[in-house]
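Have a look at final.cif below; it lists mmCIF, C-alpha atoms and all ligand atoms.
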data_start
#
loop_
_atom_site.label_atom_id
_atom_site.label_comp_id
_atom_site.auth_asym_id
_atom_site.auth_seq_id
_atom_site.Cartn_x
_atom_site.Cartn_y
_atom_site.Cartn_z
CA MET A 1 29.73 29.90 -1.62
CA SER A 2 28.61 26.58 -0.18
CA ARG A 3 29.86 25.30 3.13
CA TYR A 4 29.71 21.66 2.06
CA PRO A 5 30.56 19.97 -1.23
CA LYS A 6 27.68 19.80 -3.72
CA PRO A 7 27.14 16.91 -6.15
CA ALA A 8 29.04 17.01 -9.45
CA GLU A 9 26.04 18.60 -11.23
CA GLY A 10 26.58 21.71 -9.09
CA SER A 11 23.49 21.41 -6.86
CA TRP A 12 21.39 18.81 -5.07
CA THR A 13 18.42 19.81 -7.22
CA ARG A 14 20.25 19.26 -10.53
CA HIS A 15 21.65 15.99 -9.16
CA TYR A 16 18.15 14.50 -9.41
CA PRO A 17 17.06 14.47 -13.06
CA HIS A 18 13.32 14.29 -12.30
CA LEU A 19 13.56 17.77 -10.73
CA ASP A 20 13.94 21.11 -12.47
CA THR A 21 14.98 24.43 -10.99
CA GLU A 22 11.99 26.51 -12.11
CA PRO A 23 9.67 28.33 -9.70
CA VAL A 24 6.81 26.05 -8.58
CA SER A 25 3.04 26.33 -8.37
CA TYR A 26 1.31 25.88 -5.02
CA GLU A 27 -2.08 25.26 -6.62
CA ASP A 28 -1.75 21.70 -5.26
CA SER A 29 -2.04 23.15 -1.74
CA ILE A 30 -5.13 25.30 -2.19
CA SER A 31 -7.34 23.47 -4.70
CA PRO A 32 -10.24 21.44 -3.23
CA GLU A 33 -10.38 19.40 -6.47
CA TRP A 34 -6.72 18.49 -6.12
CA PHE A 35 -7.30 17.49 -2.49
CA ASP A 36 -10.02 15.08 -3.61
CA LEU A 37 -7.54 13.55 -6.06
CA GLU A 38 -4.96 13.16 -3.27
CA ARG A 39 -7.51 11.28 -1.16
CA GLU A 40 -7.75 8.58 -3.82
CA ALA A 41 -4.32 8.69 -5.42
CA VAL A 42 -2.18 9.02 -2.30
CA PHE A 43 -4.01 8.26 0.93
CA ARG A 44 -6.02 5.29 -0.34
CA ARG A 45 -2.93 3.76 -1.97
CA ALA A 46 0.20 4.50 0.06
CA TRP A 47 1.27 2.65 3.19
CA LEU A 48 0.42 4.91 6.14
CA LYS A 49 2.04 4.65 9.55
CA VAL A 50 -0.68 4.52 12.21
CA GLY A 51 1.12 3.56 15.41
CA ARG A 52 3.76 1.50 17.20
CA VAL A 53 3.61 -2.07 18.44
CA GLU A 54 4.20 -0.92 22.05
CA GLN A 55 0.69 0.59 21.93
CA ILE A 56 -0.78 -2.91 21.70
CA PRO A 57 1.37 -5.10 23.98
CA ARG A 58 -1.12 -7.93 24.72
CA THR A 59 -3.72 -9.98 22.89
CA GLY A 60 -6.81 -7.81 22.77
CA SER A 61 -4.92 -4.49 23.07
CA TYR A 62 -6.32 -2.13 20.48
CA PHE A 63 -6.40 1.48 19.33
CA THR A 64 -8.48 3.35 16.80
CA LYS A 65 -7.17 5.79 14.22
CA GLU A 66 -9.26 8.42 12.51
CA ILE A 67 -8.17 8.83 8.89
CA ALA A 68 -10.33 11.77 7.87
CA VAL A 69 -8.64 12.17 4.49
CA ALA A 70 -9.91 8.71 3.55
CA ASN A 71 -13.26 9.25 5.31
CA THR A 72 -12.65 6.29 7.53
CA SER A 73 -11.68 5.15 11.00
CA ILE A 74 -9.76 1.95 11.58
CA VAL A 75 -9.24 -0.26 14.59
CA VAL A 76 -5.82 -1.88 15.07
CA VAL A 77 -5.70 -4.87 17.42
CA ARG A 78 -3.23 -7.49 18.60
CA ASP A 79 -4.41 -11.06 18.12
CA GLY A 80 -1.59 -13.27 19.49
CA PRO A 81 1.47 -12.62 17.37
CA ASP A 82 -0.61 -10.89 14.70
CA VAL A 83 -1.34 -7.20 14.37
CA ARG A 84 -4.63 -6.77 12.53
CA ALA A 85 -6.49 -3.75 11.22
CA PHE A 86 -10.16 -3.37 10.29
CA HIS A 87 -12.44 -0.61 9.15
CA ASN A 88 -14.16 0.54 12.33
CA VAL A 89 -17.65 -0.10 10.94
CA CYS A 90 -20.29 -2.50 12.22
CA ARG A 91 -21.59 -4.77 9.48
CA HIS A 92 -25.23 -4.50 10.60
CA ARG A 93 -26.14 -0.87 9.93
CA GLY A 94 -22.87 0.98 9.91
CA ASN A 95 -22.44 2.19 13.46
CA LYS A 96 -18.84 3.01 14.30
CA LEU A 97 -17.83 -0.09 16.23
CA VAL A 98 -15.10 1.04 18.66
CA TRP A 99 -15.29 4.40 20.42
CA THR A 100 -15.67 5.62 23.98
CA ASP A 101 -17.56 8.78 24.86
CA PHE A 102 -17.34 10.74 21.61
CA PRO A 103 -17.54 9.01 18.24
CA LYS A 104 -15.10 11.40 16.59
CA GLU A 105 -12.35 10.81 19.16
CA GLU A 106 -9.69 8.14 18.96
CA THR A 107 -9.62 5.57 21.75
CA SER A 108 -7.59 2.61 22.98
CA GLY A 109 -7.89 -0.22 25.48
CA THR A 110 -8.01 -3.98 25.81
CA ALA A 111 -10.94 -6.20 24.82
CA ARG A 112 -11.76 -9.86 24.35
CA GLN A 113 -14.19 -8.94 21.62
CA PHE A 114 -15.78 -5.83 20.14
CA VAL A 115 -19.47 -5.21 20.84
CA CYS A 116 -21.47 -2.74 18.77
CA LYS A 117 -23.16 -0.07 20.89
CA TYR A 118 -26.26 0.00 18.65
CA HIS A 119 -27.78 -3.52 18.51
CA GLY A 120 -25.08 -5.56 20.21
CA TRP A 121 -23.48 -7.50 17.36
CA ARG A 122 -20.09 -8.91 18.45
CA TYR A 123 -16.81 -9.46 16.64
CA GLY A 124 -13.71 -11.48 17.58
CA LEU A 125 -10.17 -10.10 17.47
CA ASP A 126 -9.81 -11.76 14.07
CA GLY A 127 -12.76 -9.70 12.82
CA ALA A 128 -15.21 -12.61 12.60
CA CYS A 129 -18.80 -11.84 13.52
CA THR A 130 -19.46 -14.04 16.58
CA PHE A 131 -22.89 -12.97 17.78
CA VAL A 132 -26.00 -11.46 16.23
CA GLN A 133 -28.69 -10.21 18.58
CA GLN A 134 -32.00 -12.06 17.85
CA GLU A 135 -30.35 -13.86 14.97
CA GLY A 136 -33.59 -15.75 14.26
CA GLU A 137 -35.30 -12.51 13.19
CA PHE A 138 -32.99 -12.18 10.16
CA PHE A 139 -33.51 -13.74 6.75
CA ASN A 140 -30.95 -16.37 5.74
CA LEU A 141 -28.19 -14.45 7.50
CA ASP A 142 -24.88 -16.30 7.77
CA LYS A 143 -22.59 -14.65 10.31
CA ALA A 144 -19.58 -15.88 8.33
CA ASP A 145 -20.51 -13.32 5.64
CA TYR A 146 -20.48 -10.41 8.09
CA GLY A 147 -16.97 -10.15 9.48
CA LEU A 148 -15.31 -6.76 9.86
CA MET A 149 -13.80 -5.36 6.67
CA PRO A 150 -10.05 -6.00 6.90
CA VAL A 151 -7.42 -3.38 6.12
CA HIS A 152 -3.97 -4.43 4.91
CA CYS A 153 -1.60 -4.07 7.81
CA ASP A 154 2.12 -4.73 8.31
CA THR A 155 4.91 -3.65 10.64
CA PHE A 156 8.39 -2.26 10.05
CA ALA A 157 10.85 -1.69 12.90
CA GLY A 158 7.91 -1.74 15.32
CA PHE A 159 5.94 0.89 13.37
CA ILE A 160 2.47 -0.27 12.30
CA PHE A 161 1.44 0.66 8.76
CA VAL A 162 -1.87 0.19 6.97
CA ASN A 163 -2.81 0.37 3.32
CA LEU A 164 -6.41 1.20 2.41
CA ALA A 165 -6.20 -0.11 -1.16
CA PRO A 166 -8.27 -3.24 -1.86
CA GLU A 167 -5.02 -4.81 -3.12
CA PRO A 168 -1.83 -2.77 -2.49
CA SER A 169 0.40 -2.62 -5.56
CA GLN A 170 3.52 -3.07 -3.38
CA SER A 171 4.31 -4.79 -0.11
CA LEU A 172 5.30 -2.47 2.73
CA ARG A 173 8.98 -3.33 2.29
CA GLU A 174 8.86 -2.79 -1.47
CA PHE A 175 7.16 0.55 -0.87
CA LEU A 176 9.76 1.67 1.68
CA GLY A 177 12.77 0.69 -0.43
CA PRO A 178 16.45 0.48 0.60
CA LEU A 179 16.82 4.06 1.90
CA LEU A 180 14.12 3.68 4.56
CA LEU A 181 14.80 -0.01 5.21
CA GLY A 182 18.26 1.22 6.25
CA VAL A 183 16.89 2.50 9.58
CA GLU A 184 15.44 -0.90 10.51
CA ASP A 185 18.11 -1.91 13.03
CA TYR A 186 17.97 1.31 15.06
CA PRO A 187 16.88 0.36 18.63
CA PHE A 188 13.38 1.87 18.29
CA GLY A 189 11.94 -0.88 20.49
CA GLU A 190 14.10 0.12 23.47
CA MET A 191 13.02 3.76 23.35
CA THR A 192 9.88 3.46 25.36
CA ASP A 193 9.84 6.87 27.06
CA ARG A 194 7.34 8.70 24.88
CA TYR A 195 6.03 12.26 24.92
CA ALA A 196 3.29 13.03 22.44
CA PHE A 197 1.31 16.04 21.35
CA ARG A 198 -1.06 16.95 18.53
CA VAL A 199 -2.15 20.26 17.14
CA GLU A 200 -4.60 21.26 14.42
CA CYS A 201 -3.18 23.85 12.07
CA ARG A 202 -4.90 25.83 9.34
CA ALA A 203 -2.51 24.87 6.58
CA ASN A 204 -2.54 22.34 3.78
CA TRP A 205 -0.81 19.11 4.86
CA LYS A 206 1.95 19.60 2.27
CA VAL A 207 2.54 23.21 3.26
CA PHE A 208 2.94 21.94 6.82
CA SER A 209 5.24 19.10 5.80
CA ASP A 210 7.37 21.47 3.69
CA ALA A 211 8.60 23.24 6.83
CA PHE A 212 10.09 19.97 8.05
CA LEU A 213 11.68 19.15 4.70
CA GLU A 214 14.01 22.13 4.81
CA PHE A 215 16.03 23.87 7.52
CA TYR A 216 16.46 27.05 5.45
CA HIS A 217 13.82 28.65 7.72
CA ALA A 218 15.44 27.52 10.99
CA PRO A 219 17.83 30.49 11.54
CA VAL A 220 14.86 32.83 11.02
CA VAL A 221 11.70 31.23 12.46
CA HIS A 222 13.49 29.65 15.41
CA VAL A 223 16.17 32.23 16.12
CA GLY A 224 14.35 33.41 19.24
CA GLN A 225 15.40 30.14 20.91
CA HIS A 226 18.98 31.40 21.11
CA PRO A 227 20.47 33.97 23.51
CA ARG A 228 19.83 37.49 22.23
CA ALA A 229 23.51 38.24 21.65
CA LEU A 230 23.79 35.45 19.05
CA ARG A 231 20.62 35.96 17.05
CA ALA A 232 21.90 38.31 14.35
CA MET A 233 24.91 36.09 13.75
CA ILE A 234 22.79 32.94 13.50
CA THR A 235 20.38 34.47 11.01
CA GLN A 236 23.22 35.91 8.96
CA ALA A 237 25.07 32.58 8.86
CA GLY A 238 22.02 30.86 7.40
CA TYR A 239 21.73 27.12 7.12
CA GLU A 240 23.13 24.48 4.82
CA ALA A 241 22.71 20.72 5.00
CA PRO A 242 25.66 18.56 4.01
CA TYR A 243 23.59 15.73 2.55
CA TYR A 244 20.31 15.08 0.78
CA GLN A 245 19.15 11.83 -0.78
CA VAL A 246 15.90 10.97 -2.49
CA GLU A 247 14.66 7.53 -3.42
CA GLY A 248 11.29 7.03 -5.06
CA PRO A 249 8.90 9.36 -3.26
CA HIS A 250 10.92 9.16 0.00
CA ALA A 251 13.92 11.21 1.13
CA VAL A 252 16.46 11.95 3.83
CA VAL A 253 18.27 15.12 4.88
CA THR A 254 21.25 14.95 7.21
CA THR A 255 22.66 17.81 9.24
CA ALA A 256 26.19 18.15 10.56
CA GLY A 257 26.94 17.43 14.22
CA SER A 258 28.88 20.67 14.57
CA LEU A 259 25.53 22.51 14.60
CA HIS A 260 24.12 20.29 17.33
CA ARG A 261 26.80 20.03 19.97
CA VAL A 262 25.30 22.50 22.35
CA TRP A 263 27.24 20.84 25.16
CA GLU A 264 30.51 21.91 23.54
CA MET A 265 29.52 25.57 23.29
CA PRO A 266 30.59 28.32 25.71
CA ALA A 267 27.96 28.67 28.43
CA GLU A 268 27.01 32.23 27.39
CA ASN A 269 25.89 30.87 24.00
CA VAL A 270 23.38 28.49 25.54
CA LYS A 271 19.88 29.24 26.84
CA PRO A 272 19.83 29.29 30.66
CA ALA A 273 17.02 26.71 30.79
CA ASP A 274 19.07 24.37 28.57
CA LEU A 275 22.12 24.84 30.78
CA ALA A 276 20.12 24.14 33.93
CA THR A 277 18.52 20.96 32.60
CA ARG A 278 21.44 19.90 30.34
CA SER A 279 18.90 19.38 27.60
CA GLY A 280 17.02 21.18 24.86
CA LEU A 281 15.95 20.80 21.24
CA PHE A 282 18.89 18.58 20.36
CA GLY A 283 18.03 16.21 23.19
CA PRO A 284 19.37 15.46 26.68
CA TRP A 285 23.12 16.11 26.65
CA ASP A 286 24.02 13.23 28.93
CA GLN A 287 21.83 10.58 27.38
CA SER A 288 23.43 7.15 27.25
CA GLN A 289 25.04 6.62 23.91
CA LEU A 290 23.68 3.82 21.80
CA GLY A 291 26.97 2.50 20.48
CA GLU A 292 27.51 1.88 16.80
CA LEU A 293 24.45 2.86 14.77
CA PRO A 294 23.34 1.00 11.64
CA PRO A 295 25.09 2.55 8.61
CA GLY A 296 21.70 3.42 7.07
CA ILE A 297 21.16 6.08 9.74
CA ASN A 298 23.88 8.25 8.19
CA PRO A 299 23.74 7.32 4.49
CA GLY A 300 25.91 10.28 3.46
CA LYS A 301 28.62 9.27 6.01
CA ILE A 302 28.65 12.82 7.35
CA ASN A 303 31.21 13.34 10.09
CA PRO A 304 30.51 14.82 12.58
CA TRP A 305 26.92 13.70 12.14
CA GLY A 306 24.06 15.48 13.90
CA LEU A 307 20.65 14.38 12.69
CA SER A 308 19.02 12.39 9.90
CA SER A 309 15.44 13.23 9.03
CA PHE A 310 13.84 10.40 7.05
CA GLN A 311 10.73 11.32 5.09
CA PHE A 312 8.33 8.42 4.68
CA PHE A 313 6.03 9.37 1.82
CA PRO A 314 3.40 10.65 2.13
CA ASN A 315 2.92 11.94 5.68
CA PHE A 316 5.40 10.53 8.20
CA ALA A 317 8.95 11.40 9.25
CA ILE A 318 11.48 9.91 11.66
CA LEU A 319 14.23 12.19 12.96
CA ILE A 320 17.18 10.37 14.52
CA TRP A 321 19.52 12.53 16.62
CA GLU A 322 23.16 12.24 17.56
CA ALA A 323 22.32 12.50 21.27
CA GLY A 324 20.69 9.05 21.18
CA TRP A 325 16.96 9.65 20.80
CA TYR A 326 14.42 10.06 18.01
CA ASN A 327 11.20 11.84 17.29
CA THR A 328 8.49 11.44 14.69
CA HIS A 329 6.19 13.80 12.82
CA GLN A 330 2.94 12.95 11.14
CA TYR A 331 0.68 15.14 9.06
CA TRP A 332 -2.96 14.04 8.76
CA PRO A 333 -5.00 16.19 6.37
CA THR A 334 -8.51 17.01 7.58
CA SER A 335 -9.50 19.31 4.68
CA PRO A 336 -7.75 21.12 1.80
CA ASN A 337 -6.39 23.68 4.26
CA THR A 338 -6.30 22.01 7.67
CA VAL A 339 -3.99 19.39 9.09
CA VAL A 340 -3.57 17.55 12.36
CA PHE A 341 0.10 17.39 13.31
CA GLU A 342 1.21 14.60 15.62
CA GLY A 343 4.63 14.94 17.24
CA ASP A 344 6.15 12.14 19.31
CA VAL A 345 9.46 12.16 21.17
CA TYR A 346 11.02 8.80 22.11
CA SER A 347 14.02 7.91 24.23
CA LEU A 348 15.43 5.20 26.48
CA PRO A 349 13.61 5.02 29.84
CA ALA A 350 14.91 7.60 32.30
CA LYS A 351 16.87 6.08 35.19
CA SER A 352 16.91 9.11 37.48
CA ALA A 353 14.96 12.26 38.22
CA SER A 354 17.51 14.43 36.39
CA GLU A 355 17.27 12.20 33.32
CA ARG A 356 13.52 12.55 33.48
CA VAL A 357 13.82 16.34 33.60
CA GLY A 358 16.18 16.21 30.59
CA ARG A 359 13.69 14.20 28.57
CA GLU A 360 10.84 16.51 29.47
CA MET A 361 12.95 19.52 28.50
CA ALA A 362 13.70 17.93 25.11
CA ALA A 363 9.99 17.22 24.61
CA VAL A 364 8.82 20.73 25.50
CA SER A 365 11.57 22.30 23.36
CA PHE A 366 10.41 20.19 20.42
CA LYS A 367 6.82 21.23 21.03
CA GLU A 368 7.81 24.89 21.25
CA TYR A 369 9.69 24.71 17.94
CA SER A 370 6.81 22.88 16.27
CA LEU A 371 4.33 25.52 17.42
CA GLN A 372 6.62 28.22 16.01
CA ASP A 373 6.40 26.39 12.67
CA ALA A 374 2.64 25.86 12.92
CA ASN A 375 2.02 29.51 13.65
CA THR A 376 4.07 30.59 10.64
CA LEU A 377 2.44 28.03 8.37
CA GLU A 378 -1.06 29.38 8.99
CA ALA A 379 0.29 32.68 7.69
CA THR A 380 1.89 30.92 4.69
CA GLN A 381 -1.38 29.24 3.78
CA MET A 382 -3.14 32.61 3.89
CA GLY A 383 -0.56 34.12 1.54
CA ILE A 384 -0.82 31.30 -0.98
CA GLU A 385 -4.64 31.34 -0.85
CA ALA A 386 -4.64 35.06 -1.67
CA GLY A 387 -4.14 33.81 -5.23
CA VAL A 388 -2.18 36.83 -6.39
CA ILE A 389 1.00 34.88 -7.13
CA ASP A 390 1.21 31.60 -9.00
CA ARG A 391 4.93 30.79 -9.12
CA TRP A 392 7.28 30.52 -6.14
CA PRO A 393 11.08 30.12 -6.30
CA LEU A 394 12.73 27.27 -4.37
CA ASN A 395 16.45 27.17 -3.58
CA ASP A 396 18.77 24.19 -3.33
CA GLN A 397 18.18 23.82 0.44
CA GLU A 398 14.50 23.35 -0.47
CA VAL A 399 15.24 20.43 -2.80
CA LEU A 400 13.13 18.03 -0.72
CA VAL A 401 10.16 20.41 -0.87
CA ARG A 402 10.40 20.31 -4.65
CA HIS A 403 10.82 16.53 -4.58
CA PHE A 404 7.87 16.00 -2.22
CA HIS A 405 5.38 17.97 -4.32
CA HIS A 406 6.74 16.24 -7.41
CA GLY A 407 6.08 12.89 -5.72
CA VAL A 408 2.47 13.76 -4.87
CA GLN A 409 1.91 15.03 -8.42
CA GLU A 410 3.37 11.84 -9.83
CA TRP A 411 1.03 9.68 -7.73
CA VAL A 412 -1.96 11.78 -8.76
CA GLY A 413 -0.83 11.58 -12.41
CA ASN A 414 -0.51 7.79 -12.23
CA TYR A 415 -3.99 7.56 -10.72
CA GLN A 416 -5.49 9.77 -13.42
CA ARG A 417 -3.84 7.71 -16.17
CA GLU A 418 -5.23 4.51 -14.64
CA LEU A 419 -8.70 6.06 -14.49
CA ALA A 420 -8.44 7.13 -18.14
CA ARG A 421 -7.43 3.59 -19.14
CA GLY A 422 -10.50 2.29 -17.28
S1 LIG A 501 -25.31 -1.14 13.74
FE1 LIG A 501 -24.07 -2.45 14.92
S2 LIG A 501 -25.40 -3.89 15.73
FE2 LIG A 501 -26.68 -2.60 14.57
FE FE A 502 10.95 24.64 11.94
#
Using structure tokens, write down the structure from this file.
Amino acid sequence: MSRYPKPAEGSWTRHYPHLDTEPVSYEDSISPEWFDLEREAVFRRAWLKVGRVEQIPRTGSYFTKEIAVANTSIVVVRDGPDVRAFHNVCRHRGNKLVWTDFPKEETSGTARQFVCKYHGWRYGLDGACTFVQQEGEFFNLDKADYGLMPVHCDTFAGFIFVNLAPEPSQSLREFLGPLLLGVEDYPFGEMTDRYAFRVECRANWKVFSDAFLEFYHAPVVHVGQHPRALRAMITQAGYEAPYYQVEGPHAVVTTAGSLHRVWEMPAENVKPADLATRSGLFGPWDQSQLGELPPGINPGKINPWGLSSFQFFPNFAILIWEAGWYNTHQYWPTSPNTVVFEGDVYSLPAKSASERVGREMAAVSFKEYSLQDANTLEATQMGIEAGVIDRWPLNDQEVLVRHFHHGVQEWVGNYQRELARG
């Protein structure tokens, strides 16, 4: 018996005609050949979020981003009002242009120009080659032909996206579509308190993402976060989301506020650390409210509303919480069965020490939950890789898992058809 109304077709899964209800294969999460297809079909074609504009506040502010799945590193730099991105490769003999002590590590800073550490070639913030060491020794070399290789770059709501295709088939806004454009007016730019962490996990990037596309696992994997007396009841009650929506390869799941209002619960039902800090996974309890939110934040008009988790295909998610804060997830594949997870927690700047403690509590709770997921997902990857089972059943609360793998398969299929056409 469902807790919330289902669509007229009887389930969220049947509501979306491109999905079926059959058990699914997870071959797409263990096959090295499939991973190579994803590199080309997904990661060299989709718009990928790489940062936020606050990371590059002034002309010359820059950061680098390692995109292992596309075998490249990029440098993102502010040049006046423009945000530009380039492949992080010197045009002379290929040295990585921008790095600090270790070439594999990301870096950031402020520069007037970029100088190659190998033979000293220089590049302006617009990517133009401005200086060649001993230029007279070269043969008919025109610096104008040796600028940095640009990467398509655009911003949405302060998030910086790049597209590694030579010519993207869609603009960023076309790619995002109305569902994701609906979050645009959320006050992301005011939420400058940021806590960040990253973890490498031995799981395929989709297996990792799957755990954030459903909350079916939450009353089991995360039940230890609740006082002991409540655990059996929480697991038994299970989890149901009141609203799912998919659009193109993207999606949103919304949860009901009744599950989130820790502050309304009897004190004995709340973890002592949460009580003491008036904070926890659902955010600081006393955080200043943001006023009326853009309607796109709660597209299912769920009341009371708790959380909307927007999935930006292929590897980014924004979770917007009732308590007036948001966090993001990003899943960067590093091999067929490893992923780097980046988690960021954002809120309005703290105005007092107790607010600061509340934000830190929210951030460490989020990290603790994420590590519980990561730990489980290494075990999941091992089970799938055992290769003894080739079909896995998904329920209606896992509709976005089904949709996500369908989306990746569709992009790979489109790529293969284009290759076949020549
Ligand atoms: S490789 Fe950069 S200057 Fe030679
Ligand atoms: Fe989880």
Dump as CSV the rows for residues of chain A within 8 Å of ligand LIG 501 (chain A): closest atom pair and distance in Å with one decimal, all atoms listed in the file counted, ordered by chain and rising residue number.
residue,atom,partner,partner_atom,distance
A:Val89,CA,A:LIG501,FE1,7.9
A:Cys90,CA,A:LIG501,FE1,4.6
A:Arg91,CA,A:LIG501,FE1,6.4
A:His92,CA,A:LIG501,S1,4.6
A:Arg93,CA,A:LIG501,S1,3.9
A:Gly94,CA,A:LIG501,S1,5.0
A:Asn95,CA,A:LIG501,S1,4.4
A:Lys96,CA,A:LIG501,FE1,7.6
A:Leu97,CA,A:LIG501,FE1,6.8
A:Val115,CA,A:LIG501,S2,7.9
A:Cys116,CA,A:LIG501,FE1,4.7
A:Lys117,CA,A:LIG501,FE1,6.5
A:Tyr118,CA,A:LIG501,FE2,4.9
A:His119,CA,A:LIG501,S2,3.7
A:Gly120,CA,A:LIG501,S2,4.8
A:Trp121,CA,A:LIG501,S2,4.4
A:Arg122,CA,A:LIG501,S2,7.8
A:Val132,CA,A:LIG501,S2,7.6
A:Gln133,CA,A:LIG501,S2,7.7
Residues within 9 Å of A:Val399, please, as a PDB file with C-alpha atoms, in the coordinates of the input. Count all atoms listed in the file; anything in the same chain fewer than 2 positions from it doesn't count.
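Dumped to result31.pdb:
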ATOM      1  CA  TRP A  12      21.390  18.810  -5.070  1.00  0.00           C
ATOM      2  CA  THR A  13      18.420  19.810  -7.220  1.00  0.00           C
ATOM      3  CA  LEU A  19      13.560  17.770 -10.730  1.00  0.00           C
ATOM      4  CA  LEU A 213      11.680  19.150   4.700  1.00  0.00           C
ATOM      5  CA  GLU A 214      14.010  22.130   4.810  1.00  0.00           C
ATOM      6  CA  TYR A 244      20.310  15.080   0.780  1.00  0.00           C
ATOM      7  CA  LEU A 394      12.730  27.270  -4.370  1.00  0.00           C
ATOM      8  CA  ASN A 395      16.450  27.170  -3.580  1.00  0.00           C
ATOM      9  CA  ASP A 396      18.770  24.190  -3.330  1.00  0.00           C
ATOM     10  CA  GLN A 397      18.180  23.820   0.440  1.00  0.00           C
ATOM     11  CA  VAL A 401      10.160  20.410  -0.870  1.00  0.00           C
ATOM     12  CA  ARG A 402      10.400  20.310  -4.650  1.00  0.00           C
ATOM     13  CA  HIS A 403      10.820  16.530  -4.580  1.00  0.00           C
ATOM     14  CA  PHE A 404       7.870  16.000  -2.220  1.00  0.00           C
TER      15      PHE A 404
END
(request) Using all atoms listed in the file, find each residue with an atom at most 7 Å away from ligand FE 502 (chain A) and format the answer as a PyMOL selection string. (result) chain A and resi 211-212+215+217-218+221-222+369-370+372-373
(request) Can you pull out every residue within 7 Å of A:Val77, counting only C-alpha atoms, but drop anything in the same chain fewer than 4 positions away, and send it as a PyMOL selection string? (result) chain A and resi 56+60-63+83-85+125
Which residues of stretch 12-109 of chain A sit at most 10 Å from stretch 156-164 of chain A, using all atoms listed in the file? Give each one's shortest atom pair and distance in Å (one decimal place), in chain and ascending residue order, as CSV.
residue,atom,partner,partner_atom,distance
A:Glu40,CA,A:Leu164,CA,9.8
A:Phe43,CA,A:Leu164,CA,7.6
A:Arg44,CA,A:Leu164,CA,4.9
A:Arg45,CA,A:Leu164,CA,6.2
A:Ala46,CA,A:Asn163,CA,6.1
A:Trp47,CA,A:Asn163,CA,4.7
A:Leu48,CA,A:Phe161,CA,5.1
A:Lys49,CA,A:Phe161,CA,4.1
A:Val50,CA,A:Phe161,CA,5.6
A:Gly51,CA,A:Ile160,CA,5.1
A:Arg52,CA,A:Phe159,CA,4.4
A:Val53,CA,A:Gly158,CA,5.3
A:Glu54,CA,A:Gly158,CA,7.7
A:Gln55,CA,A:Ile160,CA,9.8
A:Ala70,CA,A:Leu164,CA,8.4
A:Thr72,CA,A:Leu164,CA,9.5
A:Ile74,CA,A:Val162,CA,9.3
A:Val76,CA,A:Ile160,CA,8.9
A:Val83,CA,A:Ile160,CA,8.2
A:Arg84,CA,A:Val162,CA,9.3
A:Ala85,CA,A:Val162,CA,7.4
A:Phe86,CA,A:Val162,CA,9.6
A:His87,CA,A:Leu164,CA,9.2
(request) Tell me which of A:Asp274, A:Glu368, A:Asp20, A:Glu38 sits closest to A:Asn414, counting only C-alpha atoms. (result) A:Glu38
Which polymer residues, whether protein, DNA or RNA, lie within 8 Å of the coordinate (25.9, 16.4, 13.1) when you count all atoms listed in the file? List them as a PDB file with C-alpha atoms, in the frame of the given file, using the chain letters and numbers from the file.
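Contents of out.pdb, as written:
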ATOM      1  CA  THR A 254      21.250  14.950   7.210  1.00  0.00           C
ATOM      2  CA  THR A 255      22.660  17.810   9.240  1.00  0.00           C
ATOM      3  CA  ALA A 256      26.190  18.150  10.560  1.00  0.00           C
ATOM      4  CA  GLY A 257      26.940  17.430  14.220  1.00  0.00           C
ATOM      5  CA  SER A 258      28.880  20.670  14.570  1.00  0.00           C
ATOM      6  CA  LEU A 259      25.530  22.510  14.600  1.00  0.00           C
ATOM      7  CA  HIS A 260      24.120  20.290  17.330  1.00  0.00           C
ATOM      8  CA  ARG A 261      26.800  20.030  19.970  1.00  0.00           C
ATOM      9  CA  ILE A 302      28.650  12.820   7.350  1.00  0.00           C
ATOM     10  CA  ASN A 303      31.210  13.340  10.090  1.00  0.00           C
ATOM     11  CA  PRO A 304      30.510  14.820  12.580  1.00  0.00           C
ATOM     12  CA  TRP A 305      26.920  13.700  12.140  1.00  0.00           C
ATOM     13  CA  GLY A 306      24.060  15.480  13.900  1.00  0.00           C
ATOM     14  CA  LEU A 307      20.650  14.380  12.690  1.00  0.00           C
ATOM     15  CA  GLU A 322      23.160  12.240  17.560  1.00  0.00           C
TER      16      GLU A 322
END
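In this structure, atom CA of A:Gly300 sits 16.9 Å away from atom CA of A:Glu184.
Going from atom CA of A:Ser308 over to atom CA of A:Pro168, you cover 28.6 Å.
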(message) Just the number, please: distance in Å from atom CA of A:Glu22 to atom CA of A:Arg3, one decimal.
(response) 23.5 Å
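You can rank A:Leu180, A:Val262, A:Ala420, A:Val223 by their closest distance to A:Ile297 using all atoms listed in the file, and at the top of that list sits A:Leu180.
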